[in-house]
>>> print(open('structure_4.cif').read())   # mmCIF, C-alpha atoms
data_start
loop_
_atom_site.label_atom_id
_atom_site.label_comp_id
_atom_site.auth_asym_id
_atom_site.auth_seq_id
_atom_site.Cartn_x
_atom_site.Cartn_y
_atom_site.Cartn_z
CA MET A 28 -21.21 -10.30 13.98
CA SER A 29 -20.88 -7.15 16.01
CA ASN A 30 -18.24 -4.54 15.23
CA PRO A 31 -14.75 -6.01 14.62
CA PRO A 32 -13.46 -7.23 17.98
CA THR A 33 -10.80 -5.52 20.01
CA LEU A 34 -9.03 -8.60 21.30
CA ARG A 35 -6.69 -6.93 23.77
CA PRO A 36 -7.39 -4.02 26.11
CA SER A 37 -4.83 -1.28 25.53
CA ASP A 38 -3.13 -2.09 28.82
CA SER A 39 -3.03 -5.89 28.36
CA PRO A 40 -1.03 -8.11 25.99
CA ILE A 41 -3.40 -11.03 26.63
CA ALA A 42 -6.27 -11.81 24.26
CA PRO A 43 -9.51 -13.37 25.56
CA CYS A 44 -10.16 -17.03 24.79
CA CYS A 45 -13.30 -19.18 24.51
CA LEU A 46 -13.91 -22.71 25.73
CA THR A 47 -16.20 -25.38 24.35
CA ILE A 48 -17.33 -28.33 26.49
CA ALA A 49 -19.11 -30.66 24.10
CA GLY A 50 -18.89 -33.74 21.91
CA SER A 51 -16.89 -34.20 18.74
CA ASP A 52 -18.23 -34.45 15.21
CA SER A 53 -15.97 -36.50 12.96
CA GLY A 54 -17.54 -34.76 9.96
CA GLY A 55 -16.65 -31.32 11.31
CA ASN A 56 -20.19 -29.95 10.98
CA ALA A 57 -21.29 -29.72 14.60
CA GLY A 58 -19.98 -30.17 18.13
CA VAL A 59 -16.49 -29.08 19.14
CA GLN A 60 -15.38 -28.69 15.54
CA ALA A 61 -18.20 -26.27 14.75
CA ASP A 62 -17.50 -24.36 17.95
CA LEU A 63 -13.84 -23.88 17.07
CA ARG A 64 -14.83 -22.66 13.61
CA ALA A 65 -17.12 -20.07 15.20
CA PHE A 66 -14.46 -18.95 17.68
CA HIS A 67 -12.04 -18.58 14.78
CA GLY A 68 -14.62 -16.53 12.91
CA TYR A 69 -14.56 -14.09 15.82
CA GLY A 70 -10.77 -14.02 15.91
CA LEU A 71 -10.65 -15.83 19.26
CA HIS A 72 -8.44 -18.68 20.41
CA GLY A 73 -10.51 -21.75 21.28
CA CYS A 74 -9.89 -24.26 24.07
CA THR A 75 -11.64 -27.62 24.17
CA VAL A 76 -13.00 -30.16 26.62
CA PHE A 77 -14.35 -33.27 24.90
CA ALA A 78 -17.29 -34.82 26.74
CA ALA A 79 -17.97 -37.46 24.06
CA LEU A 80 -16.53 -38.76 20.81
CA THR A 81 -18.85 -39.52 17.93
CA ALA A 82 -18.69 -41.09 14.51
CA GLN A 83 -21.06 -39.02 12.41
CA ASN A 84 -21.79 -37.14 9.24
CA PRO A 85 -24.78 -34.94 8.30
CA THR A 86 -27.02 -37.96 7.78
CA ALA A 87 -26.23 -40.24 10.72
CA VAL A 88 -24.51 -40.72 14.06
CA THR A 89 -23.15 -44.26 13.90
CA ALA A 90 -21.24 -44.48 17.17
CA ILE A 91 -20.87 -42.55 20.45
CA HIS A 92 -18.04 -43.00 22.94
CA PRO A 93 -18.58 -41.13 26.22
CA VAL A 94 -15.46 -39.60 27.75
CA PRO A 95 -14.92 -40.75 31.37
CA ALA A 96 -15.68 -38.11 33.98
CA ASP A 97 -12.15 -38.17 35.39
CA PHE A 98 -10.71 -37.34 31.97
CA VAL A 99 -13.29 -34.56 31.50
CA ALA A 100 -12.05 -33.19 34.83
CA ALA A 101 -8.42 -33.46 33.71
CA GLN A 102 -9.16 -31.50 30.53
CA LEU A 103 -10.88 -28.76 32.53
CA ASP A 104 -8.00 -28.57 34.98
CA ALA A 105 -5.56 -28.24 32.08
CA VAL A 106 -7.16 -25.07 30.69
CA LEU A 107 -9.08 -23.26 33.44
CA GLY A 108 -6.92 -20.65 35.12
CA VAL A 109 -4.17 -21.13 32.51
CA TYR A 110 -5.82 -19.60 29.45
CA ALA A 111 -7.63 -16.24 29.59
CA ILE A 112 -11.03 -17.85 29.08
CA ARG A 113 -13.72 -15.16 29.13
CA GLY A 114 -16.60 -17.13 27.62
CA LEU A 115 -17.61 -20.76 27.31
CA LYS A 116 -20.41 -22.89 25.99
CA THR A 117 -21.61 -26.37 26.75
CA GLY A 118 -23.13 -28.66 24.16
CA MET A 119 -24.67 -32.10 24.37
CA LEU A 120 -23.69 -33.77 27.66
CA ALA A 121 -24.88 -37.32 28.21
CA ASP A 122 -23.12 -38.48 31.40
CA PRO A 123 -24.41 -37.21 34.76
CA ALA A 124 -21.02 -37.92 36.37
CA ALA A 125 -19.30 -35.71 33.81
CA ILE A 126 -21.87 -32.97 34.40
CA GLU A 127 -21.04 -33.09 38.11
CA VAL A 128 -17.31 -32.48 37.55
CA ILE A 129 -18.04 -29.80 34.94
CA ALA A 130 -20.29 -27.95 37.39
CA ASP A 131 -17.74 -28.27 40.20
CA ARG A 132 -15.00 -26.72 38.05
CA LEU A 133 -17.14 -23.98 36.51
CA ALA A 134 -18.50 -22.86 39.89
CA ALA A 135 -14.96 -21.78 40.79
CA HIS A 136 -14.80 -19.39 37.81
CA PRO A 137 -17.52 -16.74 38.11
CA GLU A 138 -15.48 -14.45 35.83
CA ILE A 139 -16.29 -16.62 32.81
CA ALA A 140 -19.52 -15.94 30.88
CA LYS A 141 -21.30 -19.28 30.54
CA VAL A 142 -23.67 -20.18 27.70
CA ILE A 143 -25.47 -23.40 28.59
CA ASP A 144 -27.21 -25.05 25.66
CA PRO A 145 -29.41 -27.65 27.41
CA VAL A 146 -29.46 -30.18 24.60
CA MET A 147 -32.12 -32.58 25.81
CA VAL A 148 -34.93 -32.86 23.30
CA ALA A 149 -35.33 -32.38 19.55
CA THR A 150 -37.76 -29.84 18.18
CA SER A 151 -40.00 -32.81 17.31
CA GLY A 152 -40.28 -33.57 21.04
CA VAL A 153 -38.05 -36.67 20.90
CA ARG A 154 -35.83 -36.89 23.99
CA LEU A 155 -32.11 -37.07 23.22
CA VAL A 156 -30.71 -37.82 26.69
CA PRO A 157 -31.85 -39.89 29.69
CA GLU A 158 -33.86 -38.40 32.55
CA ALA A 159 -30.83 -38.62 34.86
CA THR A 160 -28.88 -36.38 32.51
CA THR A 161 -31.70 -33.85 32.35
CA ALA A 162 -31.86 -33.82 36.15
CA ALA A 163 -28.10 -33.20 36.41
CA ILE A 164 -28.24 -30.34 33.90
CA VAL A 165 -31.14 -28.74 35.77
CA LYS A 166 -29.64 -29.15 39.23
CA ARG A 167 -25.96 -28.38 38.58
CA LEU A 168 -25.43 -26.46 35.33
CA LEU A 169 -28.36 -24.11 34.80
CA PRO A 170 -27.84 -22.25 38.11
CA LEU A 171 -24.31 -21.37 36.91
CA ALA A 172 -25.39 -19.98 33.55
CA THR A 173 -25.08 -16.46 32.23
CA LEU A 174 -27.42 -17.40 29.37
CA ILE A 175 -29.34 -20.57 28.57
CA THR A 176 -30.50 -21.36 25.04
CA PRO A 177 -33.28 -23.97 25.02
CA ASN A 178 -35.44 -24.61 22.00
CA LEU A 179 -39.18 -24.53 22.65
CA PRO A 180 -39.59 -28.22 23.61
CA GLU A 181 -36.56 -28.01 25.92
CA ALA A 182 -37.96 -24.87 27.53
CA GLU A 183 -41.25 -26.69 28.14
CA ILE A 184 -39.42 -29.64 29.71
CA LEU A 185 -37.40 -27.30 31.96
CA CYS A 186 -40.62 -25.55 33.01
CA GLY A 187 -42.28 -28.85 33.87
CA ARG A 188 -44.83 -28.57 31.10
CA ALA A 189 -45.98 -31.09 28.54
CA VAL A 190 -44.19 -30.75 25.21
CA THR A 191 -46.70 -29.35 22.74
CA ASP A 192 -47.09 -30.36 19.13
CA PRO A 193 -44.48 -28.25 17.29
CA ASN A 194 -47.09 -27.49 14.62
CA ALA A 195 -49.67 -26.22 17.11
CA GLU A 196 -50.48 -22.52 16.94
CA ARG A 197 -49.68 -21.93 20.62
CA ALA A 198 -46.29 -23.67 20.33
CA GLY A 199 -45.18 -21.23 17.68
CA SER A 200 -46.41 -18.06 19.36
CA ALA A 201 -44.18 -15.35 20.78
CA ASP A 202 -46.44 -15.17 23.85
CA HIS A 203 -45.74 -18.82 24.60
CA ALA A 204 -41.98 -18.30 24.26
CA ARG A 205 -42.14 -15.24 26.52
CA ASP A 206 -44.05 -17.19 29.18
CA LEU A 207 -41.40 -19.91 29.14
CA ALA A 208 -38.48 -17.47 29.17
CA HIS A 209 -39.91 -15.57 32.13
CA GLN A 210 -40.51 -18.76 34.12
CA LEU A 211 -36.98 -19.99 33.42
CA TYR A 212 -35.47 -16.67 34.46
CA ASP A 213 -37.46 -16.75 37.70
CA THR A 214 -36.23 -20.29 38.37
CA TYR A 215 -32.55 -19.99 37.48
CA GLY A 216 -31.82 -16.26 37.65
CA CYS A 217 -30.05 -16.08 34.31
CA ALA A 218 -30.88 -14.65 30.90
CA VAL A 219 -32.93 -16.99 28.69
CA LEU A 220 -33.02 -17.23 24.91
CA VAL A 221 -35.89 -19.44 23.75
CA LYS A 222 -35.07 -20.51 20.22
CA GLY A 223 -37.91 -20.60 17.72
CA GLY A 224 -36.12 -22.15 14.76
CA HIS A 225 -38.68 -24.94 14.54
CA GLY A 226 -41.39 -22.67 13.18
CA SER A 227 -42.94 -22.50 9.75
CA GLY A 228 -43.50 -18.75 9.44
CA ALA A 229 -41.65 -16.25 7.29
CA SER A 230 -38.82 -15.89 9.80
CA ALA A 231 -37.00 -17.65 12.62
CA THR A 232 -37.80 -15.72 15.81
CA ASP A 233 -35.98 -16.17 19.11
CA VAL A 234 -37.19 -14.58 22.35
CA LEU A 235 -34.78 -13.21 24.96
CA PHE A 236 -35.60 -12.30 28.54
CA ASP A 237 -32.78 -10.84 30.65
CA GLY A 238 -34.80 -10.22 33.80
CA LYS A 239 -35.69 -6.67 32.81
CA ALA A 240 -37.14 -6.76 29.32
CA PHE A 241 -38.10 -9.04 26.47
CA ALA A 242 -36.52 -8.77 23.05
CA GLU A 243 -37.33 -10.63 19.86
CA PHE A 244 -34.77 -11.43 17.20
CA ALA A 245 -36.13 -12.42 13.81
CA LEU A 246 -34.30 -13.18 10.59
CA PRO A 247 -35.81 -14.52 7.37
CA TRP A 248 -35.41 -18.15 6.43
CA ILE A 249 -32.72 -18.77 3.84
CA PRO A 250 -34.26 -20.70 0.93
CA ASN A 251 -32.65 -24.03 0.08
CA PRO A 252 -29.45 -23.67 2.12
CA VAL A 253 -26.59 -26.04 1.33
CA SER A 254 -26.33 -26.94 5.04
CA THR A 255 -27.95 -26.17 8.39
CA HIS A 256 -26.23 -28.97 10.32
CA GLY A 257 -24.57 -27.62 13.45
CA THR A 258 -26.48 -24.33 13.66
CA GLY A 259 -27.42 -24.84 17.33
CA CYS A 260 -23.80 -25.51 18.28
CA THR A 261 -22.63 -22.57 16.20
CA LEU A 262 -25.16 -20.20 17.77
CA ALA A 263 -24.09 -21.12 21.32
CA ALA A 264 -20.41 -20.78 20.37
CA ALA A 265 -21.02 -17.40 18.74
CA LEU A 266 -22.87 -16.26 21.86
CA ALA A 267 -19.91 -17.31 24.02
CA ALA A 268 -17.57 -15.41 21.72
CA GLU A 269 -19.71 -12.28 21.82
CA LEU A 270 -19.84 -12.38 25.63
CA ALA A 271 -16.09 -13.06 25.84
CA LEU A 272 -15.56 -9.82 23.90
CA GLY A 273 -17.48 -7.93 26.56
CA HIS A 274 -20.82 -7.40 24.86
CA ASP A 275 -24.03 -7.35 26.87
CA VAL A 276 -26.46 -10.21 26.41
CA ALA A 277 -28.85 -8.47 23.98
CA THR A 278 -25.96 -7.28 21.80
CA ALA A 279 -24.46 -10.76 21.93
CA VAL A 280 -27.70 -12.37 20.78
CA LYS A 281 -28.05 -10.00 17.85
CA GLY A 282 -24.44 -10.53 16.81
CA ALA A 283 -24.61 -14.30 17.16
CA LYS A 284 -27.88 -14.52 15.23
CA ASP A 285 -26.35 -12.45 12.42
CA TYR A 286 -23.27 -14.68 12.43
CA VAL A 287 -25.30 -17.90 12.13
CA HIS A 288 -27.58 -16.42 9.47
CA ARG A 289 -24.52 -15.50 7.42
CA ALA A 290 -22.97 -18.94 8.04
CA ILE A 291 -26.08 -20.63 6.64
CA ALA A 292 -26.16 -18.28 3.67
CA THR A 293 -22.52 -19.05 2.86
CA SER A 294 -22.68 -22.81 3.49
CA TYR A 295 -20.95 -24.90 0.85
CA LEU A 296 -20.48 -28.47 -0.34
CA VAL A 297 -17.59 -30.57 0.97
CA GLY A 298 -18.81 -33.86 -0.47
CA PRO A 299 -21.28 -35.12 -3.09
CA ALA A 300 -24.23 -34.66 -0.70
CA CYS A 301 -22.52 -33.07 2.27
CA GLY A 302 -22.40 -29.39 3.16
CA VAL A 303 -20.88 -27.33 5.94
CA LEU A 304 -21.65 -23.91 7.36
CA GLY A 305 -19.61 -20.97 6.16
CA PHE A 306 -18.48 -17.92 8.16
#
>>> encode(input="structure_4.cif", output="structure tokens")
Amino acid sequence: MSNPPTLRPSDSPIAPCCLTIAGSDSGGNAGVQADLRAFHGYGLHGCTVFAALTAQNPTAVTAIHPVPADFVAAQLDAVLGVYAIRGLKTGMLADPAAIEVIADRLAAHPEIAKVIDPVMVATSGVRLVPEATTAAIVKRLLPLATLITPNLPEAEILCGRAVTDPNAERAGSADHARDLAHQLYDTYGCAVLVKGGHGSGASATDVLFDGKAFAEFALPWIPNPVSTHGTGCTLAAALAAELALGHDVATAVKGAKDYVHRAIATSYLVGPACGVLGF
């Protein structure tokens, strides 16, 4: 994390808040529950909009219940403009109708830093959401983003390229990630963090392009961690928290990467074969 946060400006009694728009995780490892844990780690109050309910644990998702778009809208209306939300993140969104109402509400709040995690495809290349959902994310959400955080296969999908073999040399190269980040910035006009956590090298390297310069953020792999479930959610939530505290994008990425690295290093068991990220 960056330096300890100053939650309230000297002339304001109101502390900034963060919002998560995502699905639940009944095991508390990922989704909204992981986001709230990250917000708490930054000393921030967290608000929630549930886009889906799931029955899951670290080994399986056994049921998914989408939240109707009108109820997603009602949740957004209950918190936006009421709480001092300065940063938000979106997670896995499966319903195009819900994406439409989310985009409509968020467009009215340019003061909020928006981290859009376009959860569409696994690092293996397996698609996680239907084409209609991908189209809605691309058309409605990405143009509103302050920062988008695709993994390499997602970045390739968003750029209209074929998803490469994750083990191919080109797929794991920094040059490839920079090409994708630059193209996405040119298309959507927002900062882009292409996540490289799929790689097999000595470190996990993410590439950031903010429209002016590239930056690479590399941290060594943690050997035999107790848990890594929910790291993508946690990274996006930590980024939203960093931005809510007023940090620039590059500082936010460094702080969020450090936070997630520490969370993996301090992960611990909460069941016989079940771990959770630390702080």
>>> atom_distance(input="structure_4.cif", atom1="CA of Val221 (chain A)", atom2="CA of Phe236 (chain A)")
8.6 Å
>>> closest_atom_pairs(input="structure_4.cif", of="region 75-150 of chain A", to="region 53-63 of chain A", cutoff="8 Å", atoms="all atoms listed in the file", output="Markdown table")
| residue | atom | partner | partner_atom | distance |
| --- | --- | --- | --- | --- |
| A:Thr75 | CA | A:Val59 | CA | 7.1 |
| A:Phe77 | CA | A:Val59 | CA | 7.4 |
| A:Thr81 | CA | A:Ser53 | CA | 6.5 |
| A:Ala82 | CA | A:Ser53 | CA | 5.6 |
| A:Gln83 | CA | A:Ser53 | CA | 5.7 |
| A:Asn84 | CA | A:Gly54 | CA | 4.9 |
| A:Pro85 | CA | A:Asn56 | CA | 7.3 |
| A:Gly118 | CA | A:Gly58 | CA | 7.0 |
>>> resolve_selection(input="structure_4.cif", expression="the PyMOL selection byres ((chain A and resi 126) around 10)", output="list in words")
Ala78, Ala96, Val99, Ala100, Leu120, Ala121, Asp122, Pro123, Ala124, Ala125, Glu127, Val128, Ile129, Ala130, Asp131, Arg132, Thr160, Ala163, Ile164, Lys166, Arg167 and Leu168 of chain A
>>> closest_residue(input="structure_4.cif", among="A:Phe306, A:Tyr212, A:Tyr286, A:Trp248", to="Arg64 (chain A)", atoms="all atoms listed in the file")
A:Phe306
>>> atom_distance(input="structure_4.cif", atom1="CA of Pro180 (chain A)", atom2="CA of Leu207 (chain A)")
10.1 Å
>>> resolve_selection(input="structure_4.cif", expression="the PyMOL selection byres ((chain A and resi 205) around 9)", output="list in words")
Ser200, Ala201, Asp202, His203, Ala204, Asp206, Leu207, Ala208, His209, Gln210, Val221, Val234, Leu235, Phe236 and Phe241 of chain A
>>> axis_aligned_box(input="structure_4.cif", around="region 294-301 of chain A", padding_each_side="4 Å", output="JSON")
{"center_x": -20.9, "center_y": -29.0, "center_z": 0.2, "size_x": 14.6, "size_y": 20.3, "size_z": 14.6}
>>> resolve_selection(input="structure_4.cif", expression="the PyMOL selection byres ((chain A and resi 255) around 8)", output="list in words")
Pro252, Val253, Ser254, His256, Gly257, Thr258, Ile291, Ser294, Val303 and Leu304 of chain A
>>> closest_residue(input="structure_4.cif", among="A:Ala49, A:Ala267, A:Leu171, A:Cys74", to="Tyr110 (chain A)", atoms="only C-alpha atoms")
A:Cys74
>>> closest_residue(input="structure_4.cif", among="A:Pro250, A:Val156, A:Pro177, A:Gly68", to="Ala292 (chain A)", atoms="all atoms listed in the file")
A:Pro250
>>> atom_distance(input="structure_4.cif", atom1="CA of Ala264 (chain A)", atom2="CA of Glu158 (chain A)")
25.3 Å
>>> closest_residue(input="structure_4.cif", among="A:Pro93, A:Ala101, A:Ala271, A:Pro137", to="Leu46 (chain A)", atoms="only C-alpha atoms")
A:Ala271
>>> closest_residue(input="structure_4.cif", among="A:Pro145, A:Ala65, A:Leu71, A:Gly108", to="Val287 (chain A)", atoms="only C-alpha atoms")
A:Ala65
>>> closest_residue(input="structure_4.cif", among="A:Asn178, A:Thr173, A:Thr214, A:Thr278", to="Arg113 (chain A)", atoms="only C-alpha atoms")
A:Thr173
>>> residues_near_point(input="structure_4.cif", point="(-19.1, -46.3, 24.5)", cutoff="10 Å", atoms="all atoms listed in the file", output="VMD selection string")
chain A and resid 79 to 81 90 to 95
